[in-house]
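Have a look at start.txt below; it lists compact mmCIF, C-alpha atoms and all ligand atoms.
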# COMPACT_ATOMS: atom_id res chain seq x y z
CA MET U 2 -97.09 4.71 -81.50
CA ASP U 3 -99.77 4.19 -84.04
CA LYS U 4 -102.88 6.28 -83.29
CA ALA U 5 -104.95 3.11 -83.61
CA LYS U 6 -103.29 1.74 -80.47
CA ARG U 7 -104.44 4.64 -78.29
CA PRO U 8 -107.92 4.52 -76.79
CA VAL U 9 -110.42 6.99 -78.17
CA VAL U 10 -112.37 8.82 -75.47
CA ILE U 11 -115.59 10.68 -76.20
CA ALA U 12 -116.60 12.74 -73.17
CA GLY U 13 -119.62 14.95 -72.70
CA ASN U 14 -119.41 18.06 -70.56
CA TRP U 15 -122.94 18.92 -69.53
CA LYS U 16 -121.81 22.16 -67.80
CA MET U 17 -124.65 23.67 -65.66
CA ASN U 18 -127.42 21.83 -67.48
CA LYS U 19 -129.92 19.11 -66.48
CA THR U 20 -131.61 18.55 -63.16
CA PRO U 21 -131.36 15.01 -61.75
CA ALA U 22 -134.73 14.08 -63.32
CA GLU U 23 -133.63 15.51 -66.68
CA ALA U 24 -130.28 13.74 -66.38
CA LYS U 25 -132.05 10.41 -65.94
CA THR U 26 -134.22 11.05 -68.99
CA LEU U 27 -131.23 11.93 -71.17
CA ILE U 28 -129.20 8.93 -70.00
CA GLU U 29 -132.13 6.55 -70.55
CA GLU U 30 -132.44 7.91 -74.10
CA LEU U 31 -128.71 7.64 -74.74
CA LYS U 32 -128.08 4.18 -73.29
CA PRO U 33 -129.65 2.06 -76.05
CA MET U 34 -128.21 4.35 -78.71
CA VAL U 35 -124.59 3.81 -77.65
CA SER U 36 -124.82 0.31 -76.21
CA GLY U 37 -122.56 -2.14 -78.02
CA LYS U 38 -120.42 0.65 -79.51
CA LYS U 39 -117.00 -0.70 -78.66
CA GLY U 40 -114.62 1.56 -80.54
CA CYS U 41 -114.34 4.22 -77.86
CA ASP U 42 -114.70 4.96 -74.16
CA ILE U 43 -117.81 7.00 -73.43
CA VAL U 44 -117.85 9.41 -70.48
CA LEU U 45 -120.51 11.83 -69.27
CA CYS U 46 -119.24 14.63 -67.02
CA VAL U 47 -122.27 15.90 -65.16
CA PRO U 48 -123.13 18.49 -62.48
CA TYR U 49 -122.47 17.32 -58.91
CA VAL U 50 -126.18 16.97 -58.11
CA ASP U 51 -126.64 14.59 -61.07
CA ILE U 52 -123.81 12.25 -60.12
CA SER U 53 -125.82 9.85 -58.02
CA VAL U 54 -128.60 9.37 -60.59
CA ALA U 55 -126.06 9.18 -63.43
CA VAL U 56 -123.96 6.52 -61.69
CA GLU U 57 -127.07 4.50 -60.86
CA SER U 58 -128.56 4.75 -64.36
CA THR U 59 -125.33 3.76 -66.11
CA LYS U 60 -124.51 0.70 -63.98
CA GLY U 61 -123.70 -2.24 -66.25
CA THR U 62 -123.50 -0.05 -69.36
CA ASN U 63 -120.56 1.19 -71.45
CA ILE U 64 -121.01 4.75 -70.11
CA LYS U 65 -118.67 6.07 -67.38
CA ILE U 66 -119.42 9.07 -65.20
CA GLY U 67 -117.24 12.08 -64.56
CA ALA U 68 -117.47 15.32 -62.59
CA GLU U 69 -116.81 18.80 -63.95
CA ASN U 70 -114.37 19.97 -61.30
CA VAL U 71 -112.84 18.99 -57.96
CA HIS U 72 -111.17 20.79 -55.08
CA PHE U 73 -107.56 20.09 -54.14
CA ALA U 74 -107.96 19.76 -50.39
CA GLU U 75 -108.96 16.49 -48.77
CA SER U 76 -111.53 18.22 -46.55
CA GLY U 77 -111.98 21.43 -44.60
CA ALA U 78 -113.33 24.96 -44.68
CA TYR U 79 -113.97 25.31 -48.43
CA THR U 80 -117.66 26.13 -48.58
CA GLY U 81 -119.29 24.89 -51.75
CA GLU U 82 -116.40 22.69 -52.84
CA ILE U 83 -116.20 18.93 -53.37
CA SER U 84 -113.19 16.67 -52.74
CA SER U 85 -111.76 13.82 -54.79
CA LYS U 86 -112.61 11.37 -52.04
CA MET U 87 -116.26 12.46 -52.13
CA LEU U 88 -116.37 11.98 -55.91
CA LYS U 89 -114.69 8.59 -55.71
CA GLU U 90 -117.11 7.35 -53.08
CA CYS U 91 -120.03 8.40 -55.29
CA GLY U 92 -118.76 6.21 -58.14
CA VAL U 93 -117.18 8.94 -60.25
CA GLU U 94 -114.29 7.75 -62.46
CA TYR U 95 -113.30 10.89 -64.39
CA VAL U 96 -113.02 14.58 -63.59
CA ILE U 97 -112.56 17.59 -65.86
CA ILE U 98 -109.95 19.99 -64.49
CA GLY U 99 -108.94 23.41 -65.80
CA HIS U 100 -111.88 23.98 -68.12
CA SER U 101 -111.63 27.47 -69.60
CA GLU U 102 -114.95 28.46 -68.01
CA ARG U 103 -113.44 27.67 -64.60
CA ARG U 104 -110.34 29.66 -65.47
CA GLN U 105 -112.37 32.58 -66.88
CA TYR U 106 -115.25 32.88 -64.39
CA PHE U 107 -113.86 31.30 -61.22
CA ALA U 108 -110.31 32.63 -61.22
CA GLU U 109 -108.64 29.27 -61.59
CA THR U 110 -104.98 29.46 -62.39
CA ASP U 111 -102.42 26.96 -63.61
CA GLU U 112 -101.35 26.67 -59.97
CA THR U 113 -104.80 25.62 -58.71
CA VAL U 114 -105.35 23.44 -61.79
CA ASN U 115 -102.11 21.67 -60.94
CA LEU U 116 -103.12 21.19 -57.29
CA ARG U 117 -106.52 19.81 -58.32
CA THR U 118 -104.90 17.47 -60.84
CA LYS U 119 -102.51 16.03 -58.27
CA ALA U 120 -105.28 15.61 -55.69
CA ALA U 121 -107.57 13.83 -58.16
CA LEU U 122 -104.81 11.50 -59.35
CA ALA U 123 -103.86 10.66 -55.77
CA GLU U 124 -107.44 9.49 -55.21
CA GLY U 125 -107.35 7.30 -58.34
CA LEU U 126 -109.58 9.50 -60.50
CA LYS U 127 -108.90 9.89 -64.23
CA VAL U 128 -108.27 13.52 -65.08
CA ILE U 129 -109.39 15.31 -68.25
CA LEU U 130 -107.05 18.29 -68.15
CA CYS U 131 -108.09 21.21 -70.35
CA VAL U 132 -105.63 23.55 -72.03
CA GLY U 133 -106.10 26.04 -74.84
CA GLU U 134 -105.45 29.50 -76.15
CA VAL U 135 -107.75 32.52 -76.34
CA LYS U 136 -108.45 34.18 -79.68
CA GLU U 137 -105.89 36.98 -79.27
CA GLN U 138 -103.17 34.43 -78.54
CA ARG U 139 -103.98 32.45 -81.69
CA LEU U 140 -104.04 35.66 -83.74
CA SER U 141 -100.67 36.65 -82.27
CA GLY U 142 -99.17 33.33 -83.31
CA ILE U 143 -98.35 32.16 -79.78
CA THR U 144 -100.74 29.18 -79.52
CA ASP U 145 -97.92 26.62 -79.38
CA GLU U 146 -96.16 28.44 -76.54
CA ILE U 147 -99.41 28.87 -74.59
CA VAL U 148 -100.54 25.23 -74.73
CA SER U 149 -97.03 24.05 -74.04
CA ILE U 150 -96.57 26.21 -70.94
CA GLN U 151 -100.05 25.31 -69.65
CA THR U 152 -99.29 21.62 -70.10
CA LYS U 153 -96.00 22.00 -68.21
CA LEU U 154 -97.45 24.06 -65.35
CA ASP U 155 -100.62 22.00 -64.96
CA LEU U 156 -98.66 18.73 -64.84
CA ALA U 157 -95.83 19.95 -62.59
CA GLY U 158 -95.04 17.22 -60.08
CA VAL U 159 -97.27 14.62 -61.78
CA ASN U 160 -95.16 11.49 -62.08
CA ALA U 161 -94.82 9.33 -65.17
CA ASP U 162 -96.79 6.49 -63.64
CA ASP U 163 -99.82 8.71 -63.07
CA MET U 164 -99.86 9.82 -66.70
CA LYS U 165 -101.86 6.71 -67.63
CA ASN U 166 -104.73 8.40 -65.79
CA VAL U 167 -104.36 11.75 -67.55
CA ILE U 168 -106.21 12.77 -70.70
CA ILE U 169 -105.41 16.18 -72.14
CA ALA U 170 -108.25 18.08 -73.81
CA TYR U 171 -107.05 20.71 -76.26
CA GLU U 172 -109.82 23.29 -76.14
CA PRO U 173 -109.22 26.54 -78.00
CA VAL U 174 -111.19 29.01 -75.86
CA TRP U 175 -112.48 30.84 -78.93
CA ALA U 176 -114.16 27.64 -80.12
CA ILE U 177 -116.00 26.72 -76.91
CA GLY U 178 -119.74 27.22 -77.15
CA THR U 179 -119.27 29.67 -80.01
CA GLY U 180 -120.04 27.46 -82.99
CA LEU U 181 -116.52 28.24 -84.27
CA THR U 182 -114.46 25.08 -84.62
CA ALA U 183 -110.74 24.72 -85.10
CA THR U 184 -110.05 23.26 -88.52
CA PRO U 185 -109.04 19.60 -88.39
CA GLU U 186 -105.53 20.75 -89.35
CA GLN U 187 -105.37 23.30 -86.51
CA ALA U 188 -106.68 20.73 -84.02
CA ASP U 189 -104.17 18.12 -85.21
CA GLU U 190 -101.26 20.53 -85.18
CA THR U 191 -101.92 21.85 -81.67
CA CYS U 192 -102.65 18.38 -80.26
CA GLY U 193 -99.28 17.48 -81.81
CA VAL U 194 -97.60 20.37 -79.95
CA ILE U 195 -99.07 19.05 -76.69
CA ARG U 196 -97.78 15.57 -77.53
CA SER U 197 -94.27 16.96 -78.18
CA THR U 198 -94.43 18.77 -74.84
CA LEU U 199 -95.34 15.50 -73.13
CA ALA U 200 -92.39 13.84 -74.89
CA LYS U 201 -90.05 16.44 -73.42
CA LEU U 202 -91.56 15.99 -69.96
CA TYR U 203 -92.03 12.21 -69.88
CA GLY U 204 -90.40 10.68 -72.95
CA GLU U 205 -91.75 9.38 -76.25
CA ASN U 206 -93.55 6.32 -74.90
CA ILE U 207 -95.77 8.26 -72.53
CA ALA U 208 -96.32 11.01 -75.10
CA GLU U 209 -97.40 8.45 -77.67
CA SER U 210 -99.74 6.62 -75.32
CA THR U 211 -101.49 9.68 -73.82
CA VAL U 212 -105.00 10.39 -75.07
CA ILE U 213 -105.33 13.95 -76.39
CA GLN U 214 -108.86 15.10 -77.16
CA TYR U 215 -110.09 18.07 -79.12
CA GLY U 216 -112.94 20.17 -77.72
CA GLY U 217 -114.64 23.27 -79.08
CA SER U 218 -117.97 23.11 -80.91
CA MET U 219 -117.43 19.51 -81.95
CA ASN U 220 -120.75 18.28 -83.31
CA ALA U 221 -122.45 15.59 -85.34
CA LYS U 222 -121.34 17.23 -88.60
CA ASN U 223 -117.66 17.96 -87.96
CA ALA U 224 -116.70 15.11 -85.59
CA ALA U 225 -115.61 12.56 -88.18
CA GLU U 226 -113.14 14.90 -89.84
CA LEU U 227 -111.64 16.05 -86.53
CA LEU U 228 -111.41 12.54 -85.08
CA ALA U 229 -109.69 11.24 -88.21
CA LYS U 230 -106.61 13.35 -87.48
CA LYS U 231 -103.58 11.46 -86.21
CA ASN U 232 -103.09 13.44 -83.01
CA VAL U 233 -106.78 13.72 -82.08
CA ASP U 234 -107.83 10.81 -79.85
CA GLY U 235 -111.33 11.81 -78.98
CA GLY U 236 -113.47 14.76 -78.07
CA LEU U 237 -114.68 16.79 -75.12
CA ILE U 238 -118.14 17.87 -76.13
CA GLY U 239 -120.34 20.51 -74.54
CA GLY U 240 -123.51 21.52 -76.39
CA ALA U 241 -123.80 18.43 -78.58
CA SER U 242 -123.55 16.12 -75.55
CA LEU U 243 -126.96 17.35 -74.38
CA LYS U 244 -128.70 15.79 -77.38
CA ALA U 245 -128.62 11.98 -77.39
CA PRO U 246 -128.82 11.58 -81.21
CA ASP U 247 -126.00 14.11 -81.82
CA PHE U 248 -123.77 12.63 -79.13
CA THR U 249 -124.40 9.18 -80.60
CA VAL U 250 -123.29 10.34 -84.06
CA ILE U 251 -120.04 11.59 -82.49
CA VAL U 252 -119.55 8.25 -80.74
CA GLU U 253 -120.14 6.50 -84.07
CA ALA U 254 -117.65 8.80 -85.79
CA ALA U 255 -115.06 7.61 -83.28
CA GLN U 256 -115.60 3.90 -84.03
C1 LIG H 1 -116.72 22.25 -73.57
O1 LIG H 1 -117.51 22.72 -72.76
O2 LIG H 1 -115.72 21.66 -73.17
C2 LIG H 1 -117.00 22.42 -74.99
C3 LIG H 1 -116.12 22.00 -75.84
O3 LIG H 1 -118.20 23.00 -75.30
P1 LIG H 1 -118.85 23.10 -76.78
O4 LIG H 1 -118.75 21.71 -77.38
O5 LIG H 1 -120.26 23.51 -76.53
O6 LIG H 1 -118.06 24.08 -77.55
Using structure tokens, write down the structure that the file contains.
Amino acid sequence: MDKAKRPVVIAGNWKMNKTPAEAKTLIEELKPMVSGKKGCDIVLCVPYVDISVAVESTKGTNIKIGAENVHFAESGAYTGEISSKMLKECGVEYVIIGHSERRQYFAETDETVNLRTKAALAEGLKVILCVGEVKEQRLSGITDEIVSIQTKLDLAGVNADDMKNVIIAYEPVWAIGTGLTATPEQADETCGVIRSTLAKLYGENIAESTVIQYGGSMNAKNAAELLAKKNVDGGLIGGASLKAPDFTVIVEAAQ
């Protein structure tokens, strides 16, 4: 499939930033800047406590709201966790799963990432599934194997029909929040490896229609070059999503 036929999705990951009042201010600043920009889907993944204000402030706009994680159980004794059903009822449409910060600091594994993915899909949420290698793995030349095995393990048991609600974010861990960015060629090549893995799992049609984002220090300066690559269908953006003018430039680069 021609890249032009796949949607482009620009998603912000606010991480643990912005109180509800600050979230409202940022969204009010961003709304007029991105309104009428039709070339891509715009998503803001925000902290749980900001969801209600974010959903309310973006009603009737071209901005969709996502969460940054979700638990795999429907309910129960999981203190501090949030279920897919809770997110759905709050108006959340997207959820990031398997972000490297969750894997690194909160002991998430491919097994729990897979459980969360299946639970979110079962509730009708769109999943932004993060995969990516650490620096040592890239230096050892095993990036392709790493992203391929993560993709396989994280999607185990996800059926072909549900793949329309899955976005994969290729996020090299060494590029997240570090100011180091994969070159457009590296991003394209590794997104291509993920696409080939999807082809083996689900066939060419699904592989060619799945949105694969790049994430890792994408910013107003480097976005256009990264987004121009044939296997890069959008971005997952941390730091630069906290500044409305920078995020808008990235949205414009995706037009
Ligand atoms: C992220 O948090 O997913 C991310 C890519 O962060 P940054 O853009 O700050 O590197």
Spatial neighbours of stretch 241-245 of chain U, 7 Å, all atoms listed in the file, chain gap at least 5 places, as a PyMOL selection string: chain U and resi 13-15+27+30-31+220
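Residues in contact with stretch 150-152 of chain U at 9 Å, where only C-alpha atoms are counted and same-chain residues fewer than 5 positions away are skipped, are listed as U:Asp111, U:Leu130, U:Cys131, U:Val132, U:Gly133, U:Asp145, U:Ala157, U:Ile169, U:Ile195, U:Thr198, U:Leu199.
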Show me which residues sit within 9 Å of ligand LIG 1 (chain H) when counting only C-alpha atoms and all ligand atoms, and put them as a PyMOL selection string. chain U and resi 12-16+97+100-102+131+170+172-182+215-220+236-242
Restricted to C-alpha atoms, what would the selected residues look like written as a PDB file, in the coordinates of the input?
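In the end it all went to result24.pdb:
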ATOM      1  CA  ALA U  12    -116.600  12.740 -73.170  1.00  0.00           C
ATOM      2  CA  GLY U  13    -119.620  14.950 -72.700  1.00  0.00           C
ATOM      3  CA  ASN U  14    -119.410  18.060 -70.560  1.00  0.00           C
ATOM      4  CA  TRP U  15    -122.940  18.920 -69.530  1.00  0.00           C
ATOM      5  CA  LYS U  16    -121.810  22.160 -67.800  1.00  0.00           C
ATOM      6  CA  ILE U  97    -112.560  17.590 -65.860  1.00  0.00           C
ATOM      7  CA  HIS U 100    -111.880  23.980 -68.120  1.00  0.00           C
ATOM      8  CA  SER U 101    -111.630  27.470 -69.600  1.00  0.00           C
ATOM      9  CA  GLU U 102    -114.950  28.460 -68.010  1.00  0.00           C
ATOM     10  CA  CYS U 131    -108.090  21.210 -70.350  1.00  0.00           C
ATOM     11  CA  ALA U 170    -108.250  18.080 -73.810  1.00  0.00           C
ATOM     12  CA  GLU U 172    -109.820  23.290 -76.140  1.00  0.00           C
ATOM     13  CA  PRO U 173    -109.220  26.540 -78.000  1.00  0.00           C
ATOM     14  CA  VAL U 174    -111.190  29.010 -75.860  1.00  0.00           C
ATOM     15  CA  TRP U 175    -112.480  30.840 -78.930  1.00  0.00           C
ATOM     16  CA  ALA U 176    -114.160  27.640 -80.120  1.00  0.00           C
ATOM     17  CA  ILE U 177    -116.000  26.720 -76.910  1.00  0.00           C
ATOM     18  CA  GLY U 178    -119.740  27.220 -77.150  1.00  0.00           C
ATOM     19  CA  THR U 179    -119.270  29.670 -80.010  1.00  0.00           C
ATOM     20  CA  GLY U 180    -120.040  27.460 -82.990  1.00  0.00           C
ATOM     21  CA  LEU U 181    -116.520  28.240 -84.270  1.00  0.00           C
ATOM     22  CA  THR U 182    -114.460  25.080 -84.620  1.00  0.00           C
ATOM     23  CA  TYR U 215    -110.090  18.070 -79.120  1.00  0.00           C
ATOM     24  CA  GLY U 216    -112.940  20.170 -77.720  1.00  0.00           C
ATOM     25  CA  GLY U 217    -114.640  23.270 -79.080  1.00  0.00           C
ATOM     26  CA  SER U 218    -117.970  23.110 -80.910  1.00  0.00           C
ATOM     27  CA  MET U 219    -117.430  19.510 -81.950  1.00  0.00           C
ATOM     28  CA  ASN U 220    -120.750  18.280 -83.310  1.00  0.00           C
ATOM     29  CA  GLY U 236    -113.470  14.760 -78.070  1.00  0.00           C
ATOM     30  CA  LEU U 237    -114.680  16.790 -75.120  1.00  0.00           C
ATOM     31  CA  ILE U 238    -118.140  17.870 -76.130  1.00  0.00           C
ATOM     32  CA  GLY U 239    -120.340  20.510 -74.540  1.00  0.00           C
ATOM     33  CA  GLY U 240    -123.510  21.520 -76.390  1.00  0.00           C
ATOM     34  CA  ALA U 241    -123.800  18.430 -78.580  1.00  0.00           C
ATOM     35  CA  SER U 242    -123.550  16.120 -75.550  1.00  0.00           C
TER      36      SER U 242
END
Contact check, stretch 158-221 of chain U to stretch 117-125 of chain U, at most 12 Å, counting all atoms listed in the file, closest pairs as a tab-separated table:
residue	atom	partner	partner_atom	distance
U:Gly158	CA	U:Lys119	CA	7.8
U:Val159	CA	U:Lys119	CA	6.5
U:Asn160	CA	U:Lys119	CA	9.4
U:Ala161	CA	U:Leu122	CA	11.8
U:Asp162	CA	U:Leu122	CA	10.4
U:Asp163	CA	U:Leu122	CA	6.8
U:Met164	CA	U:Leu122	CA	9.0
U:Lys165	CA	U:Leu122	CA	10.0
U:Asn166	CA	U:Leu122	CA	7.1
U:Val167	CA	U:Leu122	CA	8.2
U:Ile168	CA	U:Thr118	CA	11.0
U:Ile169	CA	U:Thr118	CA	11.4
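Every protein, DNA or RNA residue with an atom at most 7 Å from U:Asp155, where only C-alpha atoms count and chain neighbours fewer than 5 positions away do not, is listed here: Asp111, Glu112, Val114 and Asn115 of chain U.
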Interatomic distance (Å, one decimal) between atom CA of U:Ala68 and atom CA of U:Ser197: 28.0 Å
Shell of 12 Å around stretch 53-59 of chain U, all atoms listed in the file, local chain residues under 3 positions omitted, as a JSON list (two decimals) with C-alpha atoms, in the frame of the given file:
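What landed in selection.json:
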[["chain", "number", "residue", "atom", "x", "y", "z"],
["U", 15, "TRP", "CA", -122.94, 18.92, -69.53],
["U", 19, "LYS", "CA", -129.92, 19.11, -66.48],
["U", 20, "THR", "CA", -131.61, 18.55, -63.16],
["U", 21, "PRO", "CA", -131.36, 15.01, -61.75],
["U", 22, "ALA", "CA", -134.73, 14.08, -63.32],
["U", 23, "GLU", "CA", -133.63, 15.51, -66.68],
["U", 24, "ALA", "CA", -130.28, 13.74, -66.38],
["U", 25, "LYS", "CA", -132.05, 10.41, -65.94],
["U", 26, "THR", "CA", -134.22, 11.05, -68.99],
["U", 27, "LEU", "CA", -131.23, 11.93, -71.17],
["U", 28, "ILE", "CA", -129.20, 8.93, -70.00],
["U", 29, "GLU", "CA", -132.13, 6.55, -70.55],
["U", 30, "GLU", "CA", -132.44, 7.91, -74.10],
["U", 31, "LEU", "CA", -128.71, 7.64, -74.74],
["U", 32, "LYS", "CA", -128.08, 4.18, -73.29],
["U", 33, "PRO", "CA", -129.65, 2.06, -76.05],
["U", 35, "VAL", "CA", -124.59, 3.81, -77.65],
["U", 36, "SER", "CA", -124.82, 0.31, -76.21],
["U", 43, "ILE", "CA", -117.81, 7.00, -73.43],
["U", 44, "VAL", "CA", -117.85, 9.41, -70.48],
["U", 45, "LEU", "CA", -120.51, 11.83, -69.27],
["U", 46, "CYS", "CA", -119.24, 14.63, -67.02],
["U", 47, "VAL", "CA", -122.27, 15.90, -65.16],
["U", 48, "PRO", "CA", -123.13, 18.49, -62.48],
["U", 49, "TYR", "CA", -122.47, 17.32, -58.91],
["U", 50, "VAL", "CA", -126.18, 16.97, -58.11],
["U", 62, "THR", "CA", -123.50, -0.05, -69.36],
["U", 63, "ASN", "CA", -120.56, 1.19, -71.45],
["U", 64, "ILE", "CA", -121.01, 4.75, -70.11],
["U", 65, "LYS", "CA", -118.67, 6.07, -67.38],
["U", 66, "ILE", "CA", -119.42, 9.07, -65.20],
["U", 67, "GLY", "CA", -117.24, 12.08, -64.56],
["U", 68, "ALA", "CA", -117.47, 15.32, -62.59],
["U", 87, "MET", "CA", -116.26, 12.46, -52.13],
["U", 88, "LEU", "CA", -116.37, 11.98, -55.91],
["U", 89, "LYS", "CA", -114.69, 8.59, -55.71],
["U", 90, "GLU", "CA", -117.11, 7.35, -53.08],
["U", 91, "CYS", "CA", -120.03, 8.40, -55.29],
["U", 92, "GLY", "CA", -118.76, 6.21, -58.14],
["U", 93, "VAL", "CA", -117.18, 8.94, -60.25],
["U", 94, "GLU", "CA", -114.29, 7.75, -62.46],
["U", 95, "TYR", "CA", -113.30, 10.89, -64.39]]
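Among the candidates U:Lys38, U:Lys127, U:Lys230, U:Lys222, the one nearest to U:Val71 when counting only C-alpha atoms is U:Lys127.
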Among the residues U:Ala108, U:Thr113, U:Ala229, U:Ala254, the one that comes closest to U:His72 [using all atoms listed in the file]: U:Thr113
How many Å separate atom CA of U:Gly99 from atom CA of U:Thr191?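 So the two atoms, atom CA of U:Gly99 and atom CA of U:Thr191, lie 17.4 Å apart.
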Coordinates-based distance that separates atom CA of U:Glu253 from atom CA of U:Val10 (Å, one decimal):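 Atom-to-atom, atom CA of U:Val10 and atom CA of U:Glu253 are spaced 11.8 Å apart.
Here the question is which of U:Glu226, U:Asp247, U:Glu205, U:Glu75 gets nearest to U:Gln187 using only C-alpha atoms, and that residue is U:Glu226.
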